[in-house]
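Colleague: Could you have a look at this structure, given as structure tokens, before my questions?
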Amino acid sequence: MEKTKKDLEDLKKQFEECQKQRDEYLNGWKRERADFLNYKKEEMEKIEELIKYANEELLLKFLPILDNFELAEKKLSGDFKENEWVKGVLNIKIQILDFLKNQGVEEIKCLGQKFDPNFQEIVEDVEAKEKESGIVIEKVKKGYTMYGRVIRPAKVKVAK
Amino acid sequence: MAKIIGIDLGTTFSAMALVEAGQPKIIENKEGARTTPSVVALTKNGERLIGVIAKRQQVTNPQNTIFSVKRLIGRRFSDPEVVKDKKLLPYELREAKDGGVEIKMGGQWYKPAEISAMILQKLKQDAEEKLGEKITEAIITCPAYFDDSQRKATKVAGEIAGLKVNRVINEPTAAALAYGLTQKKGQQILVYDFGGGTFDVSILDITEETIKVIGTGGDTHLGGDDFDQKIMDWLIKEFKKEQGIDLAKDQLALQRIKEAGEKAKIELSTTMETEINLPFITSDSSGPKHFYLKLTRAQLENLVEEYIKKSINLVKQILEETKLGVKDIEEIVLVGGQTRMPKIQEEVKKLFGKEANKSINPDEVVAIGAAIQGGILQGDMKEVLLLDVTPLSLGIETLGGVSTVLIPKNTTVPTDKSQIFSTAGDNQTSVEIHVLQGERPMAQDNKTLGRFILDGIPPSPRGMPQIEVTFDIDANGILNVSAKDKATSKSQSIRIEGSIGLSKEEIEKLKKEAELHVEEDKRKKELIENKNIADNLIYTCEKTLKEAQSNPAVNGIKKEVEQKIEELKKAKDGDNIEKIKNKTQELSNVIQKIGAELYKTNQEKKSGKDDEPKSEEGEYKEKK
């Protein structure tokens, strides 16, 4: 009788242990499942973001080429500017700018505005008469945003 | 439970990471960057800027833009390092009442720890924004040579920022943790850390109880920035030599040269030659001038040779100091962006005669290690179920001796995968399932794990029976392969143990073999695939001919088809891929004629019956 009672107790203990373990495993599994679903959601959000900005790297590498194009235009001497061939080539630049616009890329406007470190980087401050200190007086390199996010800050000179 | 983040509070850049689902990952800052410049500034309007935006206004506000504060933290004003740095830093320093250093920013005096706290606070806020939860605890790293006072000040900085600093750990220790090198006891690890502004070398001794730093050395004023400066100076010199114009005073030109130099340095880590192309760099009376120059990797290496040599000498020096030989160092870890330079990796390898650990992004490895330390403290690293992956691909042999993969390598187990296969011949009543392991495309080159036969398939034309093959690997790595005939539900299976537990050497050997034979294997596989296509076509054509025997319209073409079949059969027995392809195409062309004829006769029969309009025959004739 004593033995049976003890056996029963042992079994009961084992049973409780098993139940406890089962709950633990089930919870672990549920957690893992939930973690996975949450992870999937997060990944989807990340992918959406990635797609939106997928071209950023490529465009960043492309922008210096456009910089040089614009520099070439700036350095054109007067008589060249009226040349029809040159005008044709410069129309290609307009095409490039249109293309960038379609990709959500916009130039950061800064000339004559107060310096804003969120969008611009100072390369030099120079004496400028009649200009308030901290006003952008020259754009050394154009800056761009992509869907509102700065992908390249403008490099500027400001008035001392 | 709130997460513990790991922070690498660097001299020039800082980074942060945390462990999520057992894996460490870098947290991006608000600007979307993985590292944040360790710069704090106060504008004239009293606005406090931190990180990249502080850096952007540095030029006009040098007295109030604080960088490299790590050089000052926890030091005494009279320390020789501080005396030296004082001359180099553009902002004002003074001695604090307690003998420490104070920094002037915007008319107020701050302790270095307070400036560091501002950086930490930004990191904390950005992380909270990214993760959507409060961050209250952190592990912060510091150089191995930091003394008690410097460590304490680092901890205080964290506390000012509202973080409970669980530990301040050594940067080299964090790097070793990131690579999981601290588990093997009784070894010495050397950490070679070439950052933007400093070079540190440390030796760690991993014992049963502790990770002890047994030696440190380096140069606090040697870094990647020196490389950039050297390249820039050289470019200016070259241009002067060529055009006689000094670009050093032209801000715009300097800016472009600086960027081009940095870009070239980065590119030369992966290519042997790059070009510096800066059109309209300047102009003189004769017109615009362009800067075009080719820079080779060898040229760059020559330019910066002295720096690399210096670093290697410092490594040798610390080995001497610790009385260790190169043979005593079991692992080498590379840290810092500059270690991406192949020449540096080569020199380190030459010295130690073995490859260094460099697979983790060297700018992020310290933060990753700090996050892992946080994960260990929190129990995150233990809690995660460690699941194995299949080291090699698993599959079966299919028509022509091709190895068809069912479970690709690096798949996390437990997992299962099923695919339907069929017979290769008419009236085939049994199939052999040959289970293979390996990356080679041909079955004979892979390892046989087992084979079995499924028989009792009802006789039927080839391609008709549906045999479902299932691969199932359980959490213990035991592979169960079963094959089931869908028509009769008859099945057979095999149990293979140890499909995962290959030794490291065995896996490496098999992987190397696959790499070695990649070209040859590609050709072999292409040949078999084309042979299989040819075989299929021959079978279809013979069947079509048989079926069309009674149709008189086909008789005219029949001979031509038979001849083409014979030609293709002959080509198929050879190994000339091009020939098999051509002959397949030829046969495919003539067999289409039969198809068209049959279709035509069918249509005629049909239209005779219900007077439907005829469809245009020509549309189908030439379709391939």
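Letters A, B, ... go to the chains of the structure tokens in the order shown; residues in each chain start at 1; ligands are counted from 1 in the same order.
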Would you list the contacts of range 107-115 of chain A as a list in words, taking every protein, DNA or RNA residue within 8 Å and counting only C-alpha atoms, but skipping same-chain residues closer than 5 positions in sequence?
Modeller: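 Residues meeting the cut-off are Gln120, Gly134, Ile135, Val136, Ile137, Glu138, Lys139, Lys142, Gly143, Tyr144, Thr145, Pro153, Ala154 and Val158 of chain A.
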Colleague: Compute the set of chain A residues within 7 Å of chain B, using only C-alpha atoms, and express it as a ChimeraX atom specification.
Modeller: /A:68,71-72,117-118,120-125,140
Colleague: Find, counting only C-alpha atoms, the residue in B:Lys579, B:Leu598, B:Asp228, B:Glu562 that gets nearest to Ala548 in chain B.
Modeller: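 For Ala548 in chain B, the nearest of the candidates is B:Leu598.
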Colleague: Would you mind writing down, as a ChimeraX atom specification, each residue of range 298-448 of chain B that DSSP on the backbone assigns to strand (DSSP E or B)?
Modeller: /B:329-335,357,389,394-398,402-407,412,415-421,431-437,442,447-448
Colleague: Go ahead and compute the interatomic distance for CA of Thr198 in chain B and CA of Asp79 in chain B, in Å to one decimal.
Modeller: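 Between CA of Thr198 in chain B and CA of Asp79 in chain B the gap is 18.0 Å.
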Colleague: Quick one: pull the distance between CA of Gly46 in chain B and CA of Gly107 in chain B, Å, one decimal.
Modeller: 10.0 Å
Colleague: Please run DSSP on the backbone and report, as a ChimeraX atom specification, all residues within range 87-161 of chain B that come out as helix (DSSP H, G or I).
Modeller: /B:87-88,112-131,148-160
Colleague: Create the file for the chosen residues now, containing N, CA and C atoms and written as a tab-separated table (two decimals), in the first residue's frame.
Modeller:
```
chain	number	residue	atom	x	y	z
B	87	LYS	N	48.47	71.73	-28.54
B	87	LYS	CA	49.03	72.53	-29.64
B	87	LYS	C	48.31	72.25	-30.96
B	88	LEU	N	47.76	71.05	-31.08
B	88	LEU	CA	47.15	70.64	-32.35
B	88	LEU	C	45.66	70.95	-32.43
B	112	PRO	N	35.75	66.79	-20.46
B	112	PRO	CA	35.69	65.90	-21.64
B	112	PRO	C	34.56	64.88	-21.54
B	113	ALA	N	34.31	64.38	-20.31
B	113	ALA	CA	33.25	63.37	-20.15
B	113	ALA	C	31.89	63.95	-20.52
B	114	GLU	N	31.73	65.26	-20.29
B	114	GLU	CA	30.44	65.88	-20.63
B	114	GLU	C	30.26	65.95	-22.15
B	115	ILE	N	31.36	66.22	-22.84
B	115	ILE	CA	31.29	66.26	-24.32
B	115	ILE	C	31.00	64.84	-24.84
B	116	SER	N	31.72	63.86	-24.31
B	116	SER	CA	31.47	62.48	-24.72
B	116	SER	C	30.02	62.09	-24.45
B	117	ALA	N	29.50	62.58	-23.33
B	117	ALA	CA	28.11	62.27	-22.97
B	117	ALA	C	27.14	62.78	-24.03
B	118	MET	N	27.49	63.93	-24.63
B	118	MET	CA	26.60	64.49	-25.66
B	118	MET	C	26.54	63.54	-26.87
B	119	ILE	N	27.71	62.97	-27.21
B	119	ILE	CA	27.75	62.02	-28.33
B	119	ILE	C	26.93	60.78	-27.97
B	120	LEU	N	27.15	60.30	-26.76
B	120	LEU	CA	26.43	59.09	-26.32
B	120	LEU	C	24.92	59.33	-26.28
B	121	GLN	N	24.56	60.54	-25.90
B	121	GLN	CA	23.14	60.86	-25.82
B	121	GLN	C	22.49	60.83	-27.20
B	122	LYS	N	23.22	61.35	-28.18
B	122	LYS	CA	22.69	61.31	-29.55
B	122	LYS	C	22.51	59.85	-29.99
B	123	LEU	N	23.54	59.05	-29.72
B	123	LEU	CA	23.46	57.64	-30.11
B	123	LEU	C	22.26	56.97	-29.44
B	124	LYS	N	22.10	57.26	-28.16
B	124	LYS	CA	20.99	56.68	-27.39
B	124	LYS	C	19.65	57.09	-28.00
B	125	GLN	N	19.51	58.38	-28.27
B	125	GLN	CA	18.24	58.87	-28.82
B	125	GLN	C	17.95	58.26	-30.19
B	126	ASP	N	19.00	58.22	-31.03
B	126	ASP	CA	18.80	57.66	-32.37
B	126	ASP	C	18.41	56.19	-32.30
B	127	ALA	N	19.05	55.48	-31.37
B	127	ALA	CA	18.74	54.06	-31.22
B	127	ALA	C	17.30	53.87	-30.75
B	128	GLU	N	16.90	54.71	-29.81
B	128	GLU	CA	15.53	54.61	-29.29
B	128	GLU	C	14.52	54.86	-30.40
B	129	GLU	N	14.84	55.85	-31.25
B	129	GLU	CA	13.95	56.18	-32.35
B	129	GLU	C	13.86	55.01	-33.34
B	130	LYS	N	15.02	54.43	-33.61
B	130	LYS	CA	15.07	53.31	-34.57
B	130	LYS	C	14.35	52.08	-34.04
B	131	LEU	N	14.57	51.79	-32.74
B	131	LEU	CA	14.06	50.54	-32.18
B	131	LEU	C	12.66	50.69	-31.59
B	148	ASP	N	42.69	53.66	-15.12
B	148	ASP	CA	41.48	53.67	-14.29
B	148	ASP	C	40.70	54.97	-14.43
B	149	SER	N	41.44	56.07	-14.42
B	149	SER	CA	40.79	57.37	-14.45
B	149	SER	C	40.07	57.59	-15.79
B	150	GLN	N	40.71	57.13	-16.88
B	150	GLN	CA	40.09	57.29	-18.20
B	150	GLN	C	38.84	56.40	-18.34
B	151	ARG	N	38.95	55.20	-17.76
B	151	ARG	CA	37.80	54.29	-17.81
B	151	ARG	C	36.64	54.84	-16.99
B	152	LYS	N	37.00	55.39	-15.83
B	152	LYS	CA	35.97	55.94	-14.95
B	152	LYS	C	35.26	57.10	-15.65
B	153	ALA	N	36.06	57.95	-16.29
B	153	ALA	CA	35.48	59.10	-16.98
B	153	ALA	C	34.57	58.64	-18.12
B	154	THR	N	34.94	57.55	-18.79
B	154	THR	CA	34.11	57.02	-19.88
B	154	THR	C	32.77	56.55	-19.31
B	155	LYS	N	32.85	55.90	-18.15
B	155	LYS	CA	31.63	55.41	-17.50
B	155	LYS	C	30.74	56.59	-17.09
B	156	VAL	N	31.40	57.62	-16.53
B	156	VAL	CA	30.65	58.81	-16.12
B	156	VAL	C	29.94	59.43	-17.32
B	157	ALA	N	30.63	59.46	-18.45
B	157	ALA	CA	30.03	60.02	-19.68
B	157	ALA	C	28.75	59.28	-20.00
B	158	GLY	N	28.79	57.97	-19.90
B	158	GLY	CA	27.60	57.17	-20.16
B	158	GLY	C	26.48	57.49	-19.19
B	159	GLU	N	26.85	57.67	-17.94
B	159	GLU	CA	25.84	57.95	-16.92
B	159	GLU	C	25.20	59.32	-17.12
B	160	ILE	N	26.03	60.31	-17.51
B	160	ILE	CA	25.47	61.65	-17.79
B	160	ILE	C	24.45	61.54	-18.92
```
Colleague: Taking 2 positions as the minimum chain separation for residues in the same chain, which residues sit within 12 Å of Ser489 in chain B when counting only C-alpha atoms? Answer as JSON, numbers by chain.
Modeller: {"B": [454, 455, 456, 457, 458, 465, 466, 467, 468, 482, 483, 484, 485, 486, 487, 491, 492]}
Colleague: Determine, counting only C-alpha atoms, which protein, DNA and RNA residues have an atom within 12 Å of an atom of Lys543 in chain B; residues of the same chain fewer than 4 positions away are not included. Present the result as a list in words.
Modeller: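 Close residues of Lys543 in chain B: Asp426, Pro461, Arg462, Asn536, Leu537, Ile538, Tyr539, Glu547, Ala548, Gln549, Val561, Glu562, Ile565, Ile591 and Ile594 of chain B.
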Colleague: Show me, as a PyMOL selection string, the residues that have an atom within 12 Å of range 38-44 of chain A when counting only C-alpha atoms, minus same-chain residues fewer than 4 positions from it.
Modeller: (chain A and resi 31-34+48-51) or (chain B and resi 20-21+130-131)
Colleague: Check the smallest atom-to-atom distance from each of B:Glu259, B:Glu439, B:Glu47, B:Asp328 to Asp205 in chain B using only C-alpha atoms, then report the winner.
Modeller: B:Asp328
